[in-house]
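Colleague: For reference, the file input_7.cif (mmCIF, C-alpha atoms and all ligand atoms) is included below:
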```
data_input
#
loop_
_atom_site.label_atom_id
_atom_site.label_comp_id
_atom_site.auth_asym_id
_atom_site.auth_seq_id
_atom_site.Cartn_x
_atom_site.Cartn_y
_atom_site.Cartn_z
CA MET A 900 14.49 -32.46 -4.11
CA THR A 901 16.23 -29.10 -3.85
CA ALA A 902 15.65 -26.42 -6.45
CA ALA A 903 19.21 -26.87 -7.69
CA SER A 904 18.55 -30.48 -8.68
CA ALA A 905 15.05 -29.80 -10.00
CA PRO A 906 14.63 -29.98 -13.77
CA ILE A 907 14.96 -26.68 -15.60
CA LEU A 908 11.44 -25.33 -15.97
CA LEU A 909 10.45 -24.18 -19.40
CA THR A 910 8.10 -21.60 -18.02
CA PRO A 911 8.76 -20.13 -14.60
CA ILE A 912 6.15 -20.42 -11.87
CA LEU A 913 4.62 -17.03 -11.18
CA LEU A 914 4.40 -16.32 -7.47
CA THR A 915 2.78 -12.98 -8.19
CA PRO A 916 -0.75 -11.68 -7.60
CA GLY A 917 -1.83 -11.85 -11.23
CA PRO A 918 -1.05 -12.64 -13.89
CA LEU A 919 -0.42 -15.93 -12.15
CA THR A 920 0.33 -19.55 -12.90
CA THR A 921 -2.61 -21.15 -14.70
CA SER A 922 -3.30 -24.82 -15.34
CA GLU A 923 -2.53 -26.42 -18.66
CA ARG A 924 -6.24 -27.08 -19.11
CA THR A 925 -7.03 -23.38 -18.69
CA ARG A 926 -4.36 -22.41 -21.21
CA ALA A 927 -5.57 -25.09 -23.63
CA ALA A 928 -9.05 -23.52 -23.58
CA MET A 929 -7.54 -20.60 -25.49
CA LEU A 930 -6.73 -22.73 -28.53
CA THR A 931 -10.21 -22.23 -29.97
CA ASP A 932 -11.37 -19.12 -31.80
CA TRP A 933 -14.83 -17.86 -30.95
CA GLY A 934 -17.15 -15.61 -32.91
CA SER A 935 -18.48 -12.83 -30.76
CA TRP A 936 -21.93 -13.08 -32.36
CA ASP A 937 -22.07 -16.83 -32.18
CA GLY A 938 -24.62 -18.49 -29.94
CA SER A 939 -22.00 -20.79 -28.42
CA PHE A 940 -19.95 -17.84 -27.23
CA ASN A 941 -23.03 -16.09 -25.83
CA ALA A 942 -23.86 -19.25 -23.92
CA LEU A 943 -20.31 -19.31 -22.55
CA THR A 944 -20.63 -15.71 -21.31
CA ALA A 945 -24.01 -16.42 -19.71
CA SER A 946 -22.70 -19.53 -17.98
CA LEU A 947 -19.64 -17.60 -16.77
CA CYS A 948 -21.79 -14.85 -15.27
CA ASP A 949 -24.08 -17.35 -13.54
CA LYS A 950 -21.10 -19.07 -11.96
CA LEU A 951 -19.58 -15.79 -10.77
CA VAL A 952 -22.83 -14.62 -9.17
CA ALA A 953 -23.22 -18.01 -7.50
CA ILE A 954 -19.75 -17.76 -5.92
CA ALA A 955 -20.95 -14.56 -4.23
CA HIS A 956 -24.29 -16.20 -3.28
CA GLY A 957 -26.03 -13.40 -5.16
CA THR A 958 -28.30 -15.46 -7.42
CA GLY A 959 -31.63 -13.63 -7.75
CA SER A 960 -30.50 -10.44 -6.01
CA HIS A 961 -27.31 -9.62 -7.91
CA VAL A 962 -26.05 -9.75 -11.48
CA CYS A 963 -22.57 -10.08 -12.92
CA VAL A 964 -21.47 -7.44 -15.40
CA PRO A 965 -18.28 -8.47 -17.20
CA LEU A 966 -16.03 -5.79 -18.62
CA GLN A 967 -13.09 -5.82 -21.04
CA GLY A 968 -9.77 -4.71 -19.58
CA SER A 969 -7.74 -5.20 -16.43
CA GLY A 970 -9.24 -4.97 -12.95
CA THR A 971 -8.71 -1.22 -12.69
CA PHE A 972 -11.05 -0.67 -15.65
CA ALA A 973 -13.79 -2.43 -13.68
CA VAL A 974 -13.05 -0.37 -10.54
CA GLU A 975 -13.29 2.84 -12.55
CA ALA A 976 -16.49 1.60 -14.20
CA ALA A 977 -18.02 0.78 -10.81
CA ILE A 978 -17.23 4.18 -9.29
CA GLY A 979 -18.54 5.98 -12.36
CA THR A 980 -21.67 3.85 -12.64
CA PHE A 981 -22.72 3.63 -8.99
CA VAL A 982 -21.64 6.92 -7.43
CA PRO A 983 -23.99 9.74 -8.49
CA ARG A 984 -22.26 12.87 -9.74
CA ARG A 985 -23.24 14.63 -6.51
CA GLY A 986 -22.36 11.63 -4.35
CA LYS A 987 -19.41 11.41 -1.99
CA VAL A 988 -17.11 8.46 -1.35
CA LEU A 989 -15.32 7.54 1.86
CA VAL A 990 -12.20 5.77 0.59
CA CYS A 991 -10.49 3.47 3.11
CA VAL A 992 -6.79 3.36 2.35
CA ASN A 993 -3.99 1.16 3.67
CA GLY A 994 -1.97 0.63 0.54
CA ALA A 995 -1.55 1.31 -3.15
CA TYR A 996 -4.92 -0.03 -4.34
CA GLY A 997 -6.81 2.15 -1.85
CA LYS A 998 -4.82 5.11 -3.13
CA ARG A 999 -5.72 4.12 -6.69
CA LEU A 1000 -9.42 4.04 -5.75
CA ALA A 1001 -9.12 7.62 -4.43
CA LYS A 1002 -7.32 8.64 -7.63
CA ILE A 1003 -10.19 7.22 -9.67
CA CYS A 1004 -12.69 9.31 -7.65
CA GLU A 1005 -10.48 12.33 -8.32
CA ALA A 1006 -10.26 11.61 -12.06
CA LEU A 1007 -14.03 11.11 -12.32
CA GLY A 1008 -14.76 14.27 -10.36
CA ARG A 1009 -16.50 12.42 -7.52
CA ASP A 1010 -16.23 14.14 -4.17
CA HIS A 1011 -14.39 11.91 -1.71
CA VAL A 1012 -12.68 11.79 1.64
CA ILE A 1013 -9.73 9.52 2.42
CA HIS A 1014 -9.41 7.57 5.66
CA GLU A 1015 -5.84 6.33 5.71
CA THR A 1016 -4.20 3.93 8.16
CA GLY A 1017 -0.67 2.49 8.10
CA ASP A 1018 0.25 -0.28 5.66
CA ASP A 1019 0.03 -2.78 8.52
CA VAL A 1020 -3.13 -1.38 10.12
CA PRO A 1021 -6.56 -2.63 8.97
CA THR A 1022 -9.45 -0.21 8.58
CA THR A 1023 -11.71 -0.64 11.61
CA PRO A 1024 -15.52 -0.65 11.67
CA GLU A 1025 -15.30 1.87 14.56
CA ALA A 1026 -13.47 4.40 12.38
CA VAL A 1027 -15.96 3.95 9.53
CA ASP A 1028 -18.84 4.33 12.01
CA ARG A 1029 -17.38 7.59 13.35
CA LEU A 1030 -16.70 9.01 9.89
CA LEU A 1031 -20.17 8.16 8.56
CA ALA A 1032 -21.86 9.62 11.64
CA ALA A 1033 -19.88 12.85 11.22
CA ASP A 1034 -20.51 13.36 7.52
CA ARG A 1035 -24.00 12.77 6.18
CA ALA A 1036 -22.91 13.75 2.67
CA ILE A 1037 -21.00 10.47 2.29
CA SER A 1038 -23.12 8.27 0.04
CA HIS A 1039 -20.66 5.43 -0.62
CA VAL A 1040 -17.81 3.65 1.11
CA GLY A 1041 -14.98 2.20 -0.98
CA LEU A 1042 -13.07 -0.65 0.65
CA ILE A 1043 -10.22 -2.87 -0.52
CA HIS A 1044 -10.90 -6.35 0.91
CA CYS A 1045 -7.37 -7.73 0.64
CA GLU A 1046 -4.91 -4.88 0.01
CA THR A 1047 -2.54 -6.63 -2.37
CA SER A 1048 0.28 -4.15 -1.86
CA THR A 1049 1.06 -5.92 1.45
CA GLY A 1050 -1.45 -8.79 1.71
CA ILE A 1051 -3.36 -7.20 4.60
CA LEU A 1052 -6.96 -8.26 5.17
CA ASN A 1053 -9.56 -5.62 6.04
CA PRO A 1054 -12.56 -6.71 8.18
CA LEU A 1055 -15.14 -6.64 5.41
CA GLU A 1056 -18.08 -8.18 7.25
CA ALA A 1057 -17.96 -5.81 10.23
CA ILE A 1058 -17.43 -2.75 8.02
CA ALA A 1059 -20.28 -3.77 5.70
CA ALA A 1060 -22.61 -4.02 8.71
CA VAL A 1061 -21.67 -0.49 9.83
CA VAL A 1062 -22.15 0.93 6.32
CA ALA A 1063 -25.58 -0.73 6.05
CA ARG A 1064 -26.63 0.53 9.50
CA HIS A 1065 -25.88 4.08 8.33
CA GLY A 1066 -27.89 3.50 5.16
CA ARG A 1067 -24.93 4.09 2.86
CA ALA A 1068 -23.73 1.95 -0.05
CA LEU A 1069 -20.60 -0.22 -0.10
CA ILE A 1070 -18.29 -0.74 -3.07
CA ILE A 1071 -15.80 -3.56 -2.50
CA ASP A 1072 -12.56 -4.02 -4.40
CA ALA A 1073 -12.32 -7.78 -3.89
CA MET A 1074 -9.91 -8.18 -6.78
CA SER A 1075 -7.36 -10.30 -4.95
CA SER A 1076 -9.77 -12.14 -2.62
CA PHE A 1077 -12.83 -13.09 -4.67
CA GLY A 1078 -13.12 -16.83 -5.05
CA ALA A 1079 -10.68 -17.59 -2.23
CA LEU A 1080 -12.04 -15.69 0.76
CA PRO A 1081 -15.76 -16.01 1.54
CA ILE A 1082 -18.00 -13.06 0.60
CA ASP A 1083 -21.66 -13.96 0.96
CA ALA A 1084 -24.05 -11.40 -0.53
CA ARG A 1085 -26.85 -12.76 1.67
CA GLN A 1086 -24.92 -11.65 4.76
CA ILE A 1087 -22.71 -8.84 3.50
CA PRO A 1088 -24.71 -5.97 2.03
CA PHE A 1089 -22.94 -4.35 -0.92
CA GLU A 1090 -23.88 -2.39 -4.00
CA ALA A 1091 -20.94 -3.53 -6.10
CA LEU A 1092 -18.11 -6.01 -5.72
CA ILE A 1093 -15.26 -5.85 -8.21
CA ALA A 1094 -12.91 -8.65 -9.22
CA ALA A 1095 -11.08 -9.92 -12.31
CA SER A 1096 -10.29 -12.99 -14.37
CA GLY A 1097 -6.61 -13.34 -13.57
CA LYS A 1098 -6.50 -13.58 -9.78
CA CYS A 1099 -7.89 -16.20 -7.38
CA LEU A 1100 -10.13 -17.75 -10.03
CA GLU A 1101 -6.93 -18.64 -11.89
CA GLY A 1102 -7.95 -17.42 -15.33
CA VAL A 1103 -5.76 -15.27 -17.55
CA PRO A 1104 -5.83 -11.47 -17.29
CA GLY A 1105 -7.98 -9.34 -19.58
CA MET A 1106 -11.44 -9.16 -18.05
CA GLY A 1107 -12.85 -7.55 -14.94
CA PHE A 1108 -16.35 -8.03 -13.60
CA VAL A 1109 -18.69 -6.39 -11.15
CA ILE A 1110 -21.17 -8.31 -9.03
CA ALA A 1111 -23.86 -5.67 -8.69
CA ARG A 1112 -27.05 -5.48 -6.68
CA SER A 1113 -29.63 -5.52 -9.48
CA GLU A 1114 -31.78 -2.70 -8.12
CA ALA A 1115 -28.80 -0.41 -7.64
CA LEU A 1116 -27.50 -1.16 -11.13
CA LEU A 1117 -30.84 -0.37 -12.74
CA ALA A 1118 -31.14 2.83 -10.70
CA SER A 1119 -27.71 4.09 -11.82
CA ALA A 1120 -28.84 5.66 -15.11
CA GLY A 1121 -27.19 8.97 -15.89
CA ASN A 1122 -24.37 8.69 -13.36
CA THR A 1123 -21.45 7.91 -15.62
CA ALA A 1124 -20.05 10.20 -18.29
CA SER A 1125 -18.30 7.24 -19.93
CA LEU A 1126 -19.60 5.18 -22.82
CA ALA A 1127 -17.27 2.17 -22.63
CA LEU A 1128 -17.29 1.97 -18.82
CA ASP A 1129 -21.06 2.19 -18.36
CA LEU A 1130 -21.91 -1.00 -16.48
CA ARG A 1131 -25.66 -0.48 -16.65
CA ASP A 1132 -25.58 -0.15 -20.41
CA GLN A 1133 -23.26 -3.17 -20.70
CA HIS A 1134 -25.72 -5.17 -18.62
CA LEU A 1135 -28.88 -4.08 -20.43
CA TYR A 1136 -27.32 -4.72 -23.84
CA MET A 1137 -26.14 -8.15 -22.74
CA GLN A 1138 -29.56 -8.96 -21.33
CA ARG A 1139 -31.20 -7.94 -24.59
CA THR A 1140 -28.79 -9.56 -27.06
CA GLY A 1141 -26.71 -12.08 -25.12
CA GLN A 1142 -23.67 -10.27 -26.49
CA TRP A 1143 -21.02 -7.93 -25.15
CA ARG A 1144 -21.47 -4.33 -26.31
CA PHE A 1145 -18.00 -4.12 -27.84
CA THR A 1146 -15.48 -6.77 -28.93
CA PRO A 1147 -15.22 -9.29 -26.08
CA PRO A 1148 -11.92 -10.81 -24.91
CA THR A 1149 -13.06 -14.17 -26.28
CA HIS A 1150 -10.02 -16.24 -25.29
CA VAL A 1151 -9.99 -14.75 -21.80
CA VAL A 1152 -13.67 -15.63 -21.35
CA ALA A 1153 -13.08 -19.20 -22.57
CA ALA A 1154 -10.08 -19.61 -20.25
CA LEU A 1155 -11.97 -18.24 -17.25
CA HIS A 1156 -14.91 -20.51 -17.94
CA GLU A 1157 -12.59 -23.52 -18.05
CA ALA A 1158 -10.86 -22.29 -14.88
CA LEU A 1159 -14.25 -22.09 -13.15
CA LEU A 1160 -15.06 -25.70 -14.10
CA GLN A 1161 -11.80 -26.71 -12.39
CA TYR A 1162 -12.67 -24.46 -9.44
CA GLU A 1163 -15.91 -26.39 -8.99
CA GLU A 1164 -14.16 -29.74 -9.40
CA GLU A 1165 -11.58 -28.76 -6.79
CA GLY A 1166 -14.40 -28.14 -4.30
CA GLY A 1167 -15.22 -24.47 -4.83
CA LEU A 1168 -14.33 -21.71 -2.42
CA PRO A 1169 -13.58 -23.81 0.69
CA ALA A 1170 -11.07 -25.92 -1.25
CA ARG A 1171 -9.47 -22.91 -2.95
CA HIS A 1172 -9.23 -21.12 0.39
CA ALA A 1173 -7.68 -24.18 2.05
CA ARG A 1174 -5.07 -24.65 -0.68
CA TYR A 1175 -4.01 -20.98 -0.55
CA ALA A 1176 -3.93 -21.02 3.26
CA ARG A 1177 -1.65 -24.07 3.13
CA ASN A 1178 0.55 -22.39 0.51
CA CYS A 1179 0.79 -19.34 2.76
CA GLN A 1180 1.69 -21.41 5.86
CA VAL A 1181 4.33 -23.44 4.03
CA LEU A 1182 5.81 -20.27 2.60
CA ILE A 1183 5.94 -18.30 5.86
CA ALA A 1184 7.28 -21.26 7.86
CA GLY A 1185 9.93 -22.06 5.23
CA MET A 1186 11.08 -18.47 4.93
CA ALA A 1187 11.18 -18.09 8.73
CA LYS A 1188 13.64 -21.01 8.83
CA LEU A 1189 15.84 -19.01 6.47
CA GLY A 1190 15.64 -16.00 8.80
CA LEU A 1191 13.22 -14.08 6.54
CA ARG A 1192 10.43 -12.44 8.53
CA SER A 1193 7.03 -11.54 7.15
CA PHE A 1194 5.86 -7.93 7.48
CA LEU A 1195 2.31 -8.49 8.76
CA ALA A 1196 1.08 -10.05 11.99
CA PRO A 1197 -0.50 -13.47 11.29
CA GLU A 1198 -4.01 -12.35 12.32
CA ILE A 1199 -4.18 -9.69 9.57
CA GLN A 1200 -2.33 -11.67 6.89
CA ALA A 1201 -4.59 -12.81 4.03
CA PRO A 1202 -3.49 -16.08 2.38
CA ILE A 1203 -3.02 -14.28 -0.94
CA ILE A 1204 0.39 -12.63 -0.99
CA VAL A 1205 3.06 -12.27 1.69
CA THR A 1206 5.37 -9.30 2.19
CA PHE A 1207 8.81 -10.20 3.56
CA HIS A 1208 11.43 -7.91 5.03
CA ALA A 1209 14.49 -7.91 2.79
CA PRO A 1210 17.69 -9.19 4.41
CA ARG A 1211 19.58 -6.29 6.03
CA ASP A 1212 22.88 -7.60 4.67
CA GLY A 1213 24.57 -4.99 2.44
CA ARG A 1214 25.18 -7.64 -0.23
CA TYR A 1215 21.41 -7.93 -0.86
CA ARG A 1216 20.14 -6.37 -4.08
CA PHE A 1217 16.55 -7.14 -5.07
CA THR A 1218 17.23 -7.31 -8.82
CA GLU A 1219 20.16 -9.73 -8.38
CA PHE A 1220 18.13 -11.84 -5.92
CA TYR A 1221 15.13 -11.79 -8.28
CA GLU A 1222 17.19 -12.88 -11.30
CA ALA A 1223 18.83 -15.71 -9.38
CA VAL A 1224 15.51 -17.03 -8.05
CA ARG A 1225 14.02 -16.64 -11.52
CA ALA A 1226 16.82 -18.72 -13.01
CA LYS A 1227 15.68 -21.48 -10.63
CA GLY A 1228 12.15 -21.24 -12.01
CA PHE A 1229 10.24 -18.85 -9.74
CA ILE A 1230 9.10 -15.30 -10.33
CA LEU A 1231 8.84 -13.21 -7.17
CA TYR A 1232 7.36 -9.74 -6.84
CA PRO A 1233 9.00 -6.51 -5.67
CA GLY A 1234 7.85 -4.84 -2.44
CA LYS A 1235 5.53 -1.86 -2.53
CA LEU A 1236 6.38 -0.05 0.71
CA THR A 1237 8.10 3.31 0.54
CA GLU A 1238 9.73 3.23 3.99
CA LEU A 1239 10.88 -0.40 4.17
CA GLU A 1240 12.91 -2.64 1.87
CA THR A 1241 10.65 -5.65 1.24
CA PHE A 1242 9.75 -8.20 -1.42
CA ARG A 1243 6.54 -10.15 -1.97
CA VAL A 1244 5.67 -13.75 -2.74
CA GLY A 1245 2.21 -14.72 -3.95
CA CYS A 1246 0.35 -17.78 -2.62
CA ILE A 1247 -2.25 -17.85 -5.38
CA GLY A 1248 -2.44 -19.51 -8.78
CA SER A 1249 -2.37 -23.10 -9.89
CA VAL A 1250 0.31 -24.03 -7.34
CA GLY A 1251 0.36 -26.14 -4.19
CA SER A 1252 2.59 -26.67 -1.20
CA ALA A 1253 5.15 -28.64 -3.25
CA GLU A 1254 5.75 -25.56 -5.42
CA MET A 1255 5.96 -23.33 -2.35
CA GLU A 1256 8.56 -25.65 -0.81
CA ARG A 1257 10.61 -25.61 -3.99
CA ALA A 1258 10.34 -21.80 -4.10
CA VAL A 1259 11.69 -21.62 -0.53
CA ASP A 1260 14.54 -23.95 -1.60
CA ALA A 1261 15.30 -21.64 -4.52
CA VAL A 1262 15.43 -18.66 -2.15
CA ALA A 1263 17.70 -20.61 0.25
CA ASP A 1264 20.11 -21.58 -2.54
CA THR A 1265 20.14 -17.99 -3.80
CA LEU A 1266 20.90 -16.49 -0.38
CA ARG A 1267 23.74 -18.99 0.05
CA ALA A 1268 25.17 -18.24 -3.40
CA MET A 1269 24.97 -14.48 -2.77
CA LYS A 1270 26.54 -15.01 0.69
CA ILE A 1271 23.70 -13.08 2.31
CA GLU A 1272 23.32 -13.25 6.09
CA THR A 1273 19.71 -13.09 7.26
CA ILE A 1274 20.09 -13.01 11.03
C1 LIG B 1301 -4.94 -6.56 -9.12
C2 LIG B 1301 -5.72 -5.60 -8.32
C3 LIG B 1301 -6.42 -4.55 -8.93
C4 LIG B 1301 -6.42 -4.32 -10.41
O1 LIG B 1301 -5.17 -4.01 -10.88
P1 LIG B 1301 -4.86 -4.11 -12.44
O2 LIG B 1301 -3.43 -3.65 -12.52
O3 LIG B 1301 -5.78 -3.25 -13.14
O4 LIG B 1301 -5.01 -5.55 -12.79
C5 LIG B 1301 -7.19 -3.74 -8.12
N1 LIG B 1301 -7.26 -3.91 -6.79
C6 LIG B 1301 -6.59 -4.90 -6.16
C7 LIG B 1301 -6.73 -5.05 -4.69
C8 LIG B 1301 -5.79 -5.78 -6.90
O5 LIG B 1301 -5.13 -6.78 -6.29
#
```
What is this structure when it is put down as structure tokens?

Modeller:
Amino acid sequence: MTAASAPILLTPILLTPGPLTTSERTRAAMLTDWGSWDGSFNALTASLCDKLVAIAHGTGSHVCVPLQGSGTFAVEAAIGTFVPRRGKVLVCVNGAYGKRLAKICEALGRDHVIHETGDDVPTTPEAVDRLLAADRAISHVGLIHCETSTGILNPLEAIAAVVARHGRALIIDAMSSFGALPIDARQIPFEALIAASGKCLEGVPGMGFVIARSEALLASAGNTASLALDLRDQHLYMQRTGQWRFTPPTHVVAALHEALLQYEEEGGLPARHARYARNCQVLIAGMAKLGLRSFLAPEIQAPIIVTFHAPRDGRYRFTEFYEAVRAKGFILYPGKLTELETFRVGCIGSVGSAEMERAVDAVADTLRAMKIETI
């Protein structure tokens, strides 16, 4: 079935890196109201945190600290909580989220140094090794696992080993990879790993969380100048009372919990990874047939989001292209590169290869209707 003959979709499919398409069952979980003091909601939060720690294989060594807000709130909370005021962060940058991490250090008054590579160049363990050897003042390394601004994958395991060998602490922004790409706390030493409800776990947006090494979290007293973004305090209060310190995003928690039950039923991380990898393959192969090339080399492409070169044809306008594809039921994402005209298509969310094929059909029909040449 081509997109043109497909039924009109009431709600478009989001091929974006969060918010993303959720299952009906996840959305239905938001039809109940929860009291924030109620035992049943506290049990839901506790169960959620246990599941999240288990995904990272951190049971016993790590705890999950949930936090109200979007993912950036949790990144800012992690930097403020874990980096001492006299600490120094090596920020590895190859896209917008790395730059945002540096901006957070700046805003919080944490000394930092930026190691920047091109948008299509992963951070290497060799570079981190050299930089840590040269500057003993660096206490923490901040790394984006999958840099969502292009979809590039940074070699987390090798970098984590280098950071550990130098006796420094690692803070991982795993926002767009957690739950889909393996991160095993038993093998990858980290102080804090940050992710959020509305990405690969397929919940709705509104809650971030930090998987923290328990000892490091307890030792972080006095670092942050923030009340609301103090992860240690959030954790201790929750441990004592079972409750969130301030009004919890109840519906978001309920939706994420339901999404995690489906995650387990699907087969956990290996199944989620396999589905996204298939989505990514179907997408890249289908677009290649239309003459649309992806920006990254296959070996550094994470199966999360794909950046495509825009057609060079002068008749191409992103907004017109976007609206036309949207009318066929799919929401694409603009590019985030300053030098190159690109657009992005997400592979994550409650979608499979059938949806990816229909999205490629929608793009094909749109290019034809706009009379855009791609070769
Ligand atoms: C989504 C995302 C964030 C958080 O962004 P918000 O706009 O706060 O949701 C941070 N880092 C990465 C790599 C992300 O993909």

Colleague: List the spatial neighbours of Ser1096 of chain A as a CSV table (one decimal) with C-alpha atoms, keeping the file's coordinate frame - criterion: any atom at most 8 Å away, only C-alpha atoms, same-chain residues fewer than 3 positions off excluded.

Modeller:
```
chain,number,residue,atom,x,y,z
A,1100,LEU,CA,-10.1,-17.8,-10.0
A,1101,GLU,CA,-6.9,-18.6,-11.9
A,1102,GLY,CA,-8.0,-17.4,-15.3
A,1103,VAL,CA,-5.8,-15.3,-17.6
A,1104,PRO,CA,-5.8,-11.5,-17.3
A,1105,GLY,CA,-8.0,-9.3,-19.6
A,1106,MET,CA,-11.4,-9.2,-18.0
A,1107,GLY,CA,-12.8,-7.6,-14.9
A,1108,PHE,CA,-16.4,-8.0,-13.6
A,1151,VAL,CA,-10.0,-14.8,-21.8
A,1155,LEU,CA,-12.0,-18.2,-17.2
```

Colleague: What's around Glu1219 of chain A at 12 Å? Count all atoms listed in the file, leave out sequence neighbours fewer than 3 positions away in its own chain, and write the answer as a list in words.

Modeller: Arg1214, Tyr1215, Arg1216, Glu1222, Ala1223, Val1224, Arg1225, Ala1226, Leu1231, Pro1233, Val1262, Thr1265, Leu1266, Ala1268, Met1269 and Ile1271 of chain A

Colleague: Around all the atoms of segment 1118-1127 of chain A listed in the file, with 5 Å of room on each side, what axis-aligned box do you get, giving centre and edge lengths in Å to one decimal, as lines of an AutoDock Vina configuration file?

Modeller:
```
center_x = -24.2
center_y = 6.2
center_z = -16.8
size_x = 23.9
size_y = 18.0
size_z = 22.1
```

Colleague: Output the neighbourhood of ligand LIG 1301 (chain B) as an MDAnalysis selection string, that is, all protein and nucleic acid residues with some atom at most 9 Å from the ligand, counting all atoms listed in the file.

Modeller: chainID A and resid 916:918 968:974 995:997 999:1000 1043:1048 1072:1076 1093:1095 1097:1098 1104:1105 1107

Colleague: Find, counting only C-alpha atoms, the residue in A:Ala1091, A:Leu1052, A:Cys948, A:Val964 that gets nearest to Pro1197 of chain A.

Modeller: A:Leu1052

Colleague: Between A:Ala1261, A:Leu1182, A:Leu1159, A:Ile1199, which is the closest to Thr1049 of chain A once you count all atoms listed in the file?

Modeller: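 Ranked by minimum distance to Thr1049 of chain A, first place goes to A:Ile1199.
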
Colleague: To one decimal place, how far is atom CA of Ala1060 of chain A from atom CA of Pro1088 of chain A in Å?

Modeller: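 Taking atom CA of Ala1060 of chain A and atom CA of Pro1088 of chain A, their separation equals 7.3 Å.
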
Colleague: What does the distance between atom CA of Val1012 of chain A and atom CA of Leu1042 of chain A come to in Å, to one decimal place?

Modeller: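 Interatomic distance, atom CA of Val1012 of chain A to atom CA of Leu1042 of chain A: 12.5 Å.
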
Colleague: In terms of the shortest atom-to-atom distance over only C-alpha atoms, which of A:Ala1153, A:Val1109, A:Ile1071, A:Ile912 is closest to Arg924 of chain A?

Modeller: A:Ala1153

Colleague: Can you list, as a PyMOL selection string, every protein, DNA or RNA residue that comes within 10 Å of Leu913 of chain A when you count only C-alpha atoms, leaving out same-chain residues fewer than 3 positions away?

Modeller: chain A and resi 910+916-921+1225+1228-1232+1244-1250

Colleague: Val1259 of chain A: which residues within 10 Å, counting only C-alpha atoms, same-chain residues fewer than 3 positions away excluded, as a list in words?

Modeller: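 Non-adjacent residues within range: Thr901, Ala902, Val1181, Leu1182, Ile1183, Ala1184, Gly1185, Met1186, Ala1187, Lys1188, Leu1189, Val1224, Phe1229, Ala1253, Glu1254, Met1255, Glu1256, Val1262, Ala1263, Asp1264 and Thr1265 of chain A.
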
Colleague: Take the residues just selected and output them with C-alpha atoms as a PDB file, in the frame of the given file.

Modeller:
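Result saved to out-v8.pdb:
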```pdb
ATOM      1  CA  THR A 901      16.230 -29.100  -3.850  1.00  0.00           C
ATOM      2  CA  ALA A 902      15.650 -26.420  -6.450  1.00  0.00           C
ATOM      3  CA  VAL A1181       4.330 -23.440   4.030  1.00  0.00           C
ATOM      4  CA  LEU A1182       5.810 -20.270   2.600  1.00  0.00           C
ATOM      5  CA  ILE A1183       5.940 -18.300   5.860  1.00  0.00           C
ATOM      6  CA  ALA A1184       7.280 -21.260   7.860  1.00  0.00           C
ATOM      7  CA  GLY A1185       9.930 -22.060   5.230  1.00  0.00           C
ATOM      8  CA  MET A1186      11.080 -18.470   4.930  1.00  0.00           C
ATOM      9  CA  ALA A1187      11.180 -18.090   8.730  1.00  0.00           C
ATOM     10  CA  LYS A1188      13.640 -21.010   8.830  1.00  0.00           C
ATOM     11  CA  LEU A1189      15.840 -19.010   6.470  1.00  0.00           C
ATOM     12  CA  VAL A1224      15.510 -17.030  -8.050  1.00  0.00           C
ATOM     13  CA  PHE A1229      10.240 -18.850  -9.740  1.00  0.00           C
ATOM     14  CA  ALA A1253       5.150 -28.640  -3.250  1.00  0.00           C
ATOM     15  CA  GLU A1254       5.750 -25.560  -5.420  1.00  0.00           C
ATOM     16  CA  MET A1255       5.960 -23.330  -2.350  1.00  0.00           C
ATOM     17  CA  GLU A1256       8.560 -25.650  -0.810  1.00  0.00           C
ATOM     18  CA  VAL A1262      15.430 -18.660  -2.150  1.00  0.00           C
ATOM     19  CA  ALA A1263      17.700 -20.610   0.250  1.00  0.00           C
ATOM     20  CA  ASP A1264      20.110 -21.580  -2.540  1.00  0.00           C
ATOM     21  CA  THR A1265      20.140 -17.990  -3.800  1.00  0.00           C
TER      22      THR A1265
END
```

Colleague: Between A:Thr1146, A:Thr980, A:Gln1200, A:Gln1180, single out the one closest to Leu1128 of chain A, counting all atoms listed in the file.

Modeller: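 Among the listed residues, the smallest separation from Leu1128 of chain A belongs to A:Thr980.
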
Colleague: Could you work out how far atom CA of Arg1171 of chain A lies from atom CA of Ile1058 of chain A, giving the answer in Å with one decimal?

Modeller: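 For atom CA of Ile1058 of chain A relative to atom CA of Arg1171 of chain A, the distance reads 24.3 Å.
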
Colleague: Set the distance at 10 Å and use all atoms listed in the file: which residues neighbour Phe1145 of chain A once local chain neighbours fewer than 4 positions away are removed? I'd like the list as number ranges by chain.

Modeller: A: 935, 966-967, 1127, 1133

Colleague: Which residue out of A:Ile1070, A:Ile1203, A:Ile1110, A:Ala953 has the minimum interatomic distance to Ile978 of chain A when all atoms listed in the file are used?

Modeller: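 Of A:Ile1070, A:Ile1203, A:Ile1110, A:Ala953, the one nearest Ile978 of chain A is A:Ile1070, counting all atoms listed in the file.
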
Colleague: Pull C-alpha atoms for segment 1042-1054 of chain A from the block and write them as a CSV table (one decimal), in the first residue's frame.

Modeller:
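New file selection_18.csv:
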```csv
chain,number,residue,atom,x,y,z
A,1042,LEU,CA,30.0,12.5,27.2
A,1043,ILE,CA,26.9,12.3,25.0
A,1044,HIS,CA,26.4,8.6,24.1
A,1045,CYS,CA,24.2,9.1,21.0
A,1046,GLU,CA,24.4,12.8,19.8
A,1047,THR,CA,20.9,13.2,18.7
A,1048,SER,CA,21.6,16.3,16.6
A,1049,THR,CA,23.0,13.9,13.9
A,1050,GLY,CA,22.5,10.4,15.3
A,1051,ILE,CA,26.2,9.8,15.7
A,1052,LEU,CA,27.3,7.2,18.3
A,1053,ASN,CA,30.3,7.9,20.5
A,1054,PRO,CA,32.4,4.9,21.7
```
